[in-house]
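Peer 1: Dropping a structure here in structure tokens format, bear with me for questions.
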Amino acid sequence: MEIKRVILNNIGLFENLTIPLAPTEQNPSNITVFVGNNGAGKTSVLKALAISLSWFIARLRTEKGSGNPIPEDHILNAANAASIEIEICDSFGVSDNSNQNESEHHFKWTLAKSKQGRKSQYTSNLYDCTHLADRYRDALTHDYKTSLPLVAFYPVERVVLDIPLKIRTKHVFLQLDGYDNSLSQGVDFRRFFEWFREREDTENESGIPRDVLNQLSSLAETNQDVWRWLNERNASAKDRQLTTVRTAIGQFMPHIANLRVHRQPRLYMAIDKNGKPLNVAQLSQGEKSLMTLVGDIARRLAMLNPALENPLAGHGIVLIDEVDLHLHPSWQRSLCDRLIETFPNCQFVLTTHSPLVISDCKNVLVYALTNGELRQLPSQYGQDANTVLLDVMDTSIRNEKINAELNDLLDAIQDSKLSKAQELLAELTEELPANHLELVKAKLLLRKQELRHANH
Ligand SMILES: Nc1ncnc2c1ncn2[C@@H]1O[C@H](COP(=O)(O)OP(=O)(O)OP(=O)(O)O)[C@@H](O)[C@H]1O
Ligand SMILES: [Mg+2]
């Protein structure tokens, strides 16, 4: 399942905006990234997508389910009504046969909303949405292990993590619970923890307890067959869904392993960081937010794809606002590649303020938003961060005052005003680090000019 494009009419600050999403012919990756100043409308685009997709989930859960309406304050202030049109491509349930009609794969629905007491030029049409959801429900009826597409939105608020100290309730988690709060809260750590604990209980019940295995190991040492049998038995009892989550986290953060629930004497979630055990609550904000983001996507994929050998290969749509939040530049840099590697069949729609996110992955589709207008940017792949800051994010790469002083210095050298140049150079040398590239260059230029003058 994949969003082909979305059309926003009077949503937020956009009057009329059509946005095709990757993969496109030019940008065959599964990632679309929005950049733009504060208030450019990036979050508004993601929210609109989430609202539109919430209807699909609602109708998948129940035949006449209702998703989220467009909130009144999302309607452009000067307008009476708004609409979101979405075009989805989904080949589920259609056999791969060249005679098939293209329209079999395409689903288009419109959600409209007018302000109170106003008339609307737009009307909702959710026929295709219902039809697509019906297909999945049909399939589920015949085969309860049918794979369902993931749809999830991770808003900025995801980083305020509520790490529960006590778990009172015990839930039973079913396949469709993979959609629980997936479009409203982002990472629901409490639910994640509860789920993890429930799965681990099952894992522990069906496997051979670790202490028993340890005791048996000395007995089995002399008999390789017994040892192999014991190990295999234990491996097959490992919970597939937990393995999925642990694998995804391990791929993203190789220094973090073995996520587990610690039970005695106190219940908490633990990991091994560089081989040392740690309470999850002790991790840094960046580590926590990345781990829970990746863990949550993996968990939902595992729940929604009960029959897949590798649930990380499940399909779906994931929207992440400010994907670089709290992340160190080197993590920002590899983010898109890791998303593609870990979740190869998910379509990602991201927003970012980081030049590194968009300059390090081939084939991503990058849009810049300014004043309600959308501009597709040429590929930034391989571009250095300064160029991206300068060209794409309209940000000077250096402190303005230093920049002006450096320019004055270069002008003075160029115009052979040597004593002025020496004065400026001395001032800048005091202020800047010794290895400042522009300063070193200016020093060399000045030296050349001085020599030339001495020779005359
Ligand atoms: N109903 C509305 N009518 C007109 N303009 C609106 C409306 N709602 C929001 N806006 C404008 O849209 C902007 C909100 O954009 P949004 O939150 O999507 O920005 P953003 O690109 O995500 O910014 P940031 O990088 O700060 O998160 C606001 O600055 C506001 O001016
Ligand atoms: Mg925003």
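The way I read the labels, and the way they are meant: chains A, B, ... in the order of the structure tokens, residue 1 as the first residue of every chain, and ligand 1 as the first ligand shown, with later ones counted on from there.
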Give me the chain A side of the contact with ligand 1, cut-off 6 Å, one line per residue showing its nearest atom pair and distance in Å at one decimal, counting only C-alpha atoms and all ligand atoms, sorted by chain and residue number, as CSV.
Peer 2:
```
residue,atom,partner,partner_atom_place_in_ligand_line,distance
A:Gly12,CA,ligand 1,7 (C),3.8
A:Leu13,CA,ligand 1,5 (N),3.9
A:Gly36,CA,ligand 1,21 (O),6.0
A:Asn37,CA,ligand 1,25 (O),5.6
A:Asn38,CA,ligand 1,26 (O),3.3
A:Gly39,CA,ligand 1,19 (O),3.4
A:Ala40,CA,ligand 1,21 (O),3.8
A:Gly41,CA,ligand 1,18 (O),3.1
A:Lys42,CA,ligand 1,21 (O),3.7
A:Thr43,CA,ligand 1,22 (O),3.6
A:Ser44,CA,ligand 1,18 (O),3.7
A:Asp73,CA,ligand 1,1 (N),4.9
A:His74,CA,ligand 1,1 (N),4.4
A:Ile75,CA,ligand 1,1 (N),4.5
A:Leu76,CA,ligand 1,3 (N),3.5
A:Asn77,CA,ligand 1,3 (N),3.9
```
Peer 1: Could you write out the selected residues, including N, CA and C atoms, as a compact mmCIF listing (two decimals), in the first residue's frame?
Peer 2:
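again_0.txt written:
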```txt
# COMPACT_ATOMS: atom_id res chain seq x y z
N GLY A 12 -4.75 24.21 6.41
CA GLY A 12 -3.68 25.01 7.02
C GLY A 12 -3.43 26.25 6.18
N LEU A 13 -2.20 26.50 5.78
CA LEU A 13 -1.95 27.68 4.96
C LEU A 13 -1.96 27.38 3.47
N GLY A 36 11.69 23.04 5.24
CA GLY A 36 11.10 24.38 5.19
C GLY A 36 11.24 25.04 6.53
N ASN A 37 11.08 26.36 6.54
CA ASN A 37 11.24 27.10 7.80
C ASN A 37 10.18 26.70 8.82
N ASN A 38 10.34 27.21 10.03
CA ASN A 38 9.28 27.04 11.03
C ASN A 38 8.01 27.66 10.47
N GLY A 39 6.92 26.93 10.59
CA GLY A 39 5.65 27.48 10.12
C GLY A 39 5.45 27.35 8.61
N ALA A 40 6.31 26.58 7.93
CA ALA A 40 6.19 26.45 6.48
C ALA A 40 5.04 25.52 6.09
N GLY A 41 4.59 24.70 7.03
CA GLY A 41 3.46 23.82 6.75
C GLY A 41 3.81 22.35 6.67
N LYS A 42 4.98 21.97 7.15
CA LYS A 42 5.41 20.56 7.05
C LYS A 42 4.50 19.66 7.88
N THR A 43 4.30 20.05 9.15
CA THR A 43 3.46 19.23 10.02
C THR A 43 2.04 19.16 9.48
N SER A 44 1.56 20.29 8.91
CA SER A 44 0.19 20.30 8.38
C SER A 44 0.01 19.22 7.31
N ASP A 73 -10.06 24.17 12.96
CA ASP A 73 -8.95 25.12 12.89
C ASP A 73 -7.87 24.71 11.89
N HIS A 74 -8.07 23.57 11.21
CA HIS A 74 -7.15 23.21 10.11
C HIS A 74 -7.62 23.81 8.79
N ILE A 75 -8.84 24.37 8.78
CA ILE A 75 -9.34 24.94 7.53
C ILE A 75 -8.75 26.34 7.37
N LEU A 76 -8.23 26.62 6.18
CA LEU A 76 -7.61 27.92 5.90
C LEU A 76 -8.49 29.04 6.43
N ASN A 77 -7.89 29.99 7.17
CA ASN A 77 -8.70 31.01 7.85
C ASN A 77 -9.64 31.77 6.92
```
Peer 1: Hey, what's within 12 Å of A:Ser184 if we count only C-alpha atoms and toss same-chain stuff fewer than 5 positions away? As number ranges by chain, please?
Peer 2: A: 46-47, 50-51, 53-54, 67-68, 151-158, 179, 319
Peer 1: Give me the residues near stretch 254-267 of chain A as a list in words, where near means some atom within 9 Å (using only C-alpha atoms) and where sequence neighbours in that chain fewer than 2 positions away do not count.
Peer 2: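 In the requested form, the answer reads Leu165, Lys166, Ile167, Phe193, Phe196, Arg197, Glu200, Leu242, Val245, Arg246, Thr247, Ile249, Gly250, Gln251, Phe252, Met269, Ala270, Ile271, Asp272, Lys273, Asn274, Gly275, Asn279, Val280 and Met291 of chain A.
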Peer 1: Just the residues within 7 Å of A:Ala298, please, counting only C-alpha atoms, with nothing from its chain fewer than 2 positions along; format it as a ChimeraX atom specification.
Peer 2: /A:244-245,248,294-296,300-302,312
Peer 1: Write a file of the just-selected residues containing N, CA and C atoms, as a CSV table (one decimal), in the first residue's frame.
Peer 2:
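Resulting contents of part.csv:
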```csv
chain,number,residue,atom,x,y,z
A,244,THR,N,11.5,-9.8,16.0
A,244,THR,CA,11.4,-8.8,15.0
A,244,THR,C,11.8,-7.4,15.6
A,245,VAL,N,11.2,-7.1,16.8
A,245,VAL,CA,11.5,-5.9,17.4
A,245,VAL,C,13.0,-5.8,17.8
A,248,ALA,N,15.1,-5.2,14.6
A,248,ALA,CA,15.0,-3.9,14.1
A,248,ALA,C,15.9,-2.9,14.9
A,294,VAL,N,11.8,3.0,16.4
A,294,VAL,CA,12.1,1.8,15.6
A,294,VAL,C,11.4,0.6,16.2
A,295,GLY,N,11.4,0.5,17.5
A,295,GLY,CA,10.7,-0.6,18.2
A,295,GLY,C,9.3,-0.6,17.9
A,296,ASP,N,8.7,0.6,17.9
A,296,ASP,CA,7.2,0.7,17.7
A,296,ASP,C,6.8,0.3,16.3
A,300,ARG,N,4.5,-3.0,15.5
A,300,ARG,CA,3.2,-3.0,14.7
A,300,ARG,C,3.3,-3.8,13.5
A,301,LEU,N,4.5,-3.8,12.8
A,301,LEU,CA,4.6,-4.7,11.6
A,301,LEU,C,4.5,-6.1,12.0
A,302,ALA,N,5.1,-6.5,13.2
A,302,ALA,CA,5.0,-7.9,13.6
A,302,ALA,C,3.6,-8.3,13.9
A,312,LEU,N,9.5,-7.6,9.3
A,312,LEU,CA,10.1,-6.3,8.9
A,312,LEU,C,9.9,-6.0,7.4
```
Peer 1: Which is closer to ligand 2 than all the others in A:Glu322, A:Asp177, A:Asp90, A:Asp134, using only C-alpha atoms and all ligand atoms?
Peer 2: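 Of A:Glu322, A:Asp177, A:Asp90, A:Asp134, the one nearest ligand 2 is A:Glu322, counting only C-alpha atoms and all ligand atoms.
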Peer 1: What residues in stretch 235-387 of chain A get the DSSP label strand (DSSP E or B)? Please answer as a PDB file with N, CA and C atoms, in the first residue's frame.
Peer 2:
```pdb
ATOM      1  N   ILE A 256      23.115  -1.474  21.022  1.00  0.00           N
ATOM      2  CA  ILE A 256      22.038  -1.818  21.964  1.00  0.00           C
ATOM      3  C   ILE A 256      21.469  -3.192  21.614  1.00  0.00           C
ATOM      4  N   ALA A 257      21.387  -4.061  22.611  1.00  0.00           N
ATOM      5  CA  ALA A 257      20.926  -5.417  22.316  1.00  0.00           C
ATOM      6  C   ALA A 257      20.063  -5.946  23.452  1.00  0.00           C
ATOM      7  N   ASN A 258      19.356  -7.025  23.128  1.00  0.00           N
ATOM      8  CA  ASN A 258      18.704  -7.816  24.157  1.00  0.00           C
ATOM      9  C   ASN A 258      17.671  -7.039  24.987  1.00  0.00           C
ATOM     10  N   LEU A 259      16.778  -6.358  24.314  1.00  0.00           N
ATOM     11  CA  LEU A 259      15.680  -5.678  25.012  1.00  0.00           C
ATOM     12  C   LEU A 259      14.845  -6.734  25.725  1.00  0.00           C
ATOM     13  N   ARG A 260      14.563  -6.510  26.998  1.00  0.00           N
ATOM     14  CA  ARG A 260      13.848  -7.527  27.768  1.00  0.00           C
ATOM     15  C   ARG A 260      13.139  -6.893  28.960  1.00  0.00           C
ATOM     16  N   VAL A 261      12.252  -7.661  29.556  1.00  0.00           N
ATOM     17  CA  VAL A 261      11.590  -7.185  30.762  1.00  0.00           C
ATOM     18  C   VAL A 261      12.307  -7.790  31.964  1.00  0.00           C
ATOM     19  N   HIS A 262      12.722  -6.913  32.859  1.00  0.00           N
ATOM     20  CA  HIS A 262      13.378  -7.372  34.069  1.00  0.00           C
ATOM     21  C   HIS A 262      12.294  -7.515  35.120  1.00  0.00           C
ATOM     22  N   TYR A 268      10.965  -3.727  35.341  1.00  0.00           N
ATOM     23  CA  TYR A 268      11.307  -2.633  34.427  1.00  0.00           C
ATOM     24  C   TYR A 268      11.859  -3.198  33.125  1.00  0.00           C
ATOM     25  N   MET A 269      12.003  -2.302  32.149  1.00  0.00           N
ATOM     26  CA  MET A 269      12.487  -2.759  30.863  1.00  0.00           C
ATOM     27  C   MET A 269      13.999  -2.542  30.806  1.00  0.00           C
ATOM     28  N   ALA A 270      14.722  -3.549  30.352  1.00  0.00           N
ATOM     29  CA  ALA A 270      16.180  -3.442  30.377  1.00  0.00           C
ATOM     30  C   ALA A 270      16.756  -3.731  28.994  1.00  0.00           C
ATOM     31  N   ILE A 271      17.972  -3.231  28.776  1.00  0.00           N
ATOM     32  CA  ILE A 271      18.715  -3.547  27.544  1.00  0.00           C
ATOM     33  C   ILE A 271      20.176  -3.754  27.933  1.00  0.00           C
ATOM     34  N   ASP A 272      20.956  -4.260  26.987  1.00  0.00           N
ATOM     35  CA  ASP A 272      22.402  -4.280  27.184  1.00  0.00           C
ATOM     36  C   ASP A 272      22.991  -3.217  26.276  1.00  0.00           C
ATOM     37  N   LYS A 273      23.720  -2.273  26.880  1.00  0.00           N
ATOM     38  CA  LYS A 273      24.385  -1.260  26.049  1.00  0.00           C
ATOM     39  C   LYS A 273      25.875  -1.541  26.099  1.00  0.00           C
ATOM     40  N   LYS A 276      26.731  -4.002  28.662  1.00  0.00           N
ATOM     41  CA  LYS A 276      26.414  -3.792  30.081  1.00  0.00           C
ATOM     42  C   LYS A 276      24.906  -3.580  30.250  1.00  0.00           C
ATOM     43  N   PRO A 277      24.311  -4.252  31.253  1.00  0.00           N
ATOM     44  CA  PRO A 277      22.865  -4.104  31.428  1.00  0.00           C
ATOM     45  C   PRO A 277      22.484  -2.706  31.936  1.00  0.00           C
ATOM     46  N   LEU A 278      21.345  -2.222  31.451  1.00  0.00           N
ATOM     47  CA  LEU A 278      20.917  -0.864  31.782  1.00  0.00           C
ATOM     48  C   LEU A 278      19.392  -0.825  31.788  1.00  0.00           C
ATOM     49  N   ASN A 279      18.835  -0.016  32.683  1.00  0.00           N
ATOM     50  CA  ASN A 279      17.395   0.224  32.648  1.00  0.00           C
ATOM     51  C   ASN A 279      17.115   1.154  31.466  1.00  0.00           C
ATOM     52  N   GLY A 316       3.535  -0.928   4.281  1.00  0.00           N
ATOM     53  CA  GLY A 316       2.826   0.087   5.047  1.00  0.00           C
ATOM     54  C   GLY A 316       3.284   1.494   4.765  1.00  0.00           C
ATOM     55  N   ILE A 317       2.659   2.419   5.485  1.00  0.00           N
ATOM     56  CA  ILE A 317       2.945   3.839   5.325  1.00  0.00           C
ATOM     57  C   ILE A 317       3.296   4.398   6.691  1.00  0.00           C
ATOM     58  N   VAL A 318       4.451   5.059   6.794  1.00  0.00           N
ATOM     59  CA  VAL A 318       4.877   5.605   8.087  1.00  0.00           C
ATOM     60  C   VAL A 318       5.191   7.096   7.929  1.00  0.00           C
ATOM     61  N   LEU A 319       4.538   7.921   8.743  1.00  0.00           N
ATOM     62  CA  LEU A 319       4.750   9.367   8.694  1.00  0.00           C
ATOM     63  C   LEU A 319       5.523   9.771   9.949  1.00  0.00           C
ATOM     64  N   ILE A 320       6.651  10.450   9.796  1.00  0.00           N
ATOM     65  CA  ILE A 320       7.432  10.855  10.971  1.00  0.00           C
ATOM     66  C   ILE A 320       7.743  12.347  10.900  1.00  0.00           C
ATOM     67  N   CYS A 346       8.194  -0.342   3.444  1.00  0.00           N
ATOM     68  CA  CYS A 346       7.350   0.729   3.981  1.00  0.00           C
ATOM     69  C   CYS A 346       7.639   2.019   3.220  1.00  0.00           C
ATOM     70  N   GLN A 347       6.582   2.776   3.007  1.00  0.00           N
ATOM     71  CA  GLN A 347       6.753   4.097   2.407  1.00  0.00           C
ATOM     72  C   GLN A 347       6.874   5.114   3.541  1.00  0.00           C
ATOM     73  N   PHE A 348       7.887   5.958   3.497  1.00  0.00           N
ATOM     74  CA  PHE A 348       8.087   6.930   4.572  1.00  0.00           C
ATOM     75  C   PHE A 348       7.841   8.352   4.065  1.00  0.00           C
ATOM     76  N   VAL A 349       7.121   9.121   4.868  1.00  0.00           N
ATOM     77  CA  VAL A 349       6.986  10.542   4.583  1.00  0.00           C
ATOM     78  C   VAL A 349       7.529  11.265   5.808  1.00  0.00           C
ATOM     79  N   LEU A 350       8.611  12.039   5.618  1.00  0.00           N
ATOM     80  CA  LEU A 350       9.326  12.615   6.752  1.00  0.00           C
ATOM     81  C   LEU A 350       9.398  14.131   6.641  1.00  0.00           C
ATOM     82  N   THR A 351       9.600  14.784   7.773  1.00  0.00           N
ATOM     83  CA  THR A 351       9.977  16.196   7.732  1.00  0.00           C
ATOM     84  C   THR A 351      11.272  16.337   8.514  1.00  0.00           C
ATOM     85  N   LEU A 365      12.947  11.737  -2.451  1.00  0.00           N
ATOM     86  CA  LEU A 365      12.247  12.869  -3.051  1.00  0.00           C
ATOM     87  C   LEU A 365      12.206  13.972  -2.000  1.00  0.00           C
ATOM     88  N   VAL A 366      12.781  15.135  -2.329  1.00  0.00           N
ATOM     89  CA  VAL A 366      12.839  16.209  -1.332  1.00  0.00           C
ATOM     90  C   VAL A 366      12.019  17.411  -1.809  1.00  0.00           C
ATOM     91  N   TYR A 367      11.128  17.887  -0.931  1.00  0.00           N
ATOM     92  CA  TYR A 367      10.335  19.071  -1.239  1.00  0.00           C
ATOM     93  C   TYR A 367      10.679  20.183  -0.272  1.00  0.00           C
ATOM     94  N   ALA A 368      10.760  21.405  -0.795  1.00  0.00           N
ATOM     95  CA  ALA A 368      10.905  22.566   0.088  1.00  0.00           C
ATOM     96  C   ALA A 368       9.567  23.297   0.100  1.00  0.00           C
ATOM     97  N   LEU A 369       9.119  23.665   1.282  1.00  0.00           N
ATOM     98  CA  LEU A 369       7.866  24.411   1.408  1.00  0.00           C
ATOM     99  C   LEU A 369       8.197  25.855   1.762  1.00  0.00           C
ATOM    100  N   THR A 370       7.650  26.798   0.989  1.00  0.00           N
ATOM    101  CA  THR A 370       7.801  28.217   1.350  1.00  0.00           C
ATOM    102  C   THR A 370       6.515  28.937   1.002  1.00  0.00           C
ATOM    103  N   GLU A 373       3.834  27.355  -0.902  1.00  0.00           N
ATOM    104  CA  GLU A 373       4.179  26.776  -2.205  1.00  0.00           C
ATOM    105  C   GLU A 373       5.120  25.600  -2.013  1.00  0.00           C
ATOM    106  N   LEU A 374       5.040  24.673  -2.974  1.00  0.00           N
ATOM    107  CA  LEU A 374       5.866  23.478  -2.888  1.00  0.00           C
ATOM    108  C   LEU A 374       6.875  23.489  -4.035  1.00  0.00           C
ATOM    109  N   ARG A 375       8.130  23.154  -3.724  1.00  0.00           N
ATOM    110  CA  ARG A 375       9.137  23.125  -4.776  1.00  0.00           C
ATOM    111  C   ARG A 375       9.911  21.829  -4.623  1.00  0.00           C
ATOM    112  N   GLN A 376      10.003  21.074  -5.721  1.00  0.00           N
ATOM    113  CA  GLN A 376      10.798  19.847  -5.631  1.00  0.00           C
ATOM    114  C   GLN A 376      12.270  20.211  -5.807  1.00  0.00           C
TER     115      GLN A 376
END
```
Peer 1: Just the residues within 10 Å of A:Glu63, please, counting only C-alpha atoms, with nothing from its chain fewer than 2 positions along; format it as an MDAnalysis selection string.
Peer 2: chainID A and resid 58:61 65:66 130:131 133:134 137
Peer 1: Run DSSP on the backbone and grab whatever in stretch 23-211 of chain A lands in helix (DSSP H, G or I); send it over as number ranges by chain.
Peer 2: A: 42-61, 72-74, 102-104, 127-142, 156-159, 175-179, 189-206, 210-211
Peer 1: Between A:Asp128, A:Glu438, A:Glu427, A:Asp321, single out the one closest to ligand 2, counting only C-alpha atoms and all ligand atoms.
Peer 2: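 Of the candidates, the smallest distance to ligand 2 is held by A:Asp321.
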Peer 1: Using only C-alpha atoms, find the one residue out of A:Gln380, A:Ser91, A:Thr24, A:Asn30 that sits nearest to A:Val392.
Peer 2: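 Counting only C-alpha atoms, the residue closest to A:Val392 is A:Gln380.
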Peer 1: Between A:Thr123, A:Thr62, A:Asn399, A:Thr352, which one has atoms that come closest to ligand 2, using only C-alpha atoms and all ligand atoms?
Peer 2: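 Closest to ligand 2, using only C-alpha atoms and all ligand atoms: A:Thr352.
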Peer 1: Using only C-alpha atoms and all ligand atoms, which of the listed residues (A:Val440, A:Ala385, A:Leu174, A:Val323) sits closest to ligand 2?
Peer 2: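 Of all the options, A:Val323 lies closest to ligand 2.
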Peer 1: Which residue is closest to ligand 2? Choose from A:Val45, A:Leu451, A:Ala22, A:Ile88 and count only C-alpha atoms and all ligand atoms.
Peer 2: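 Closest residue, counting only C-alpha atoms and all ligand atoms: A:Val45.
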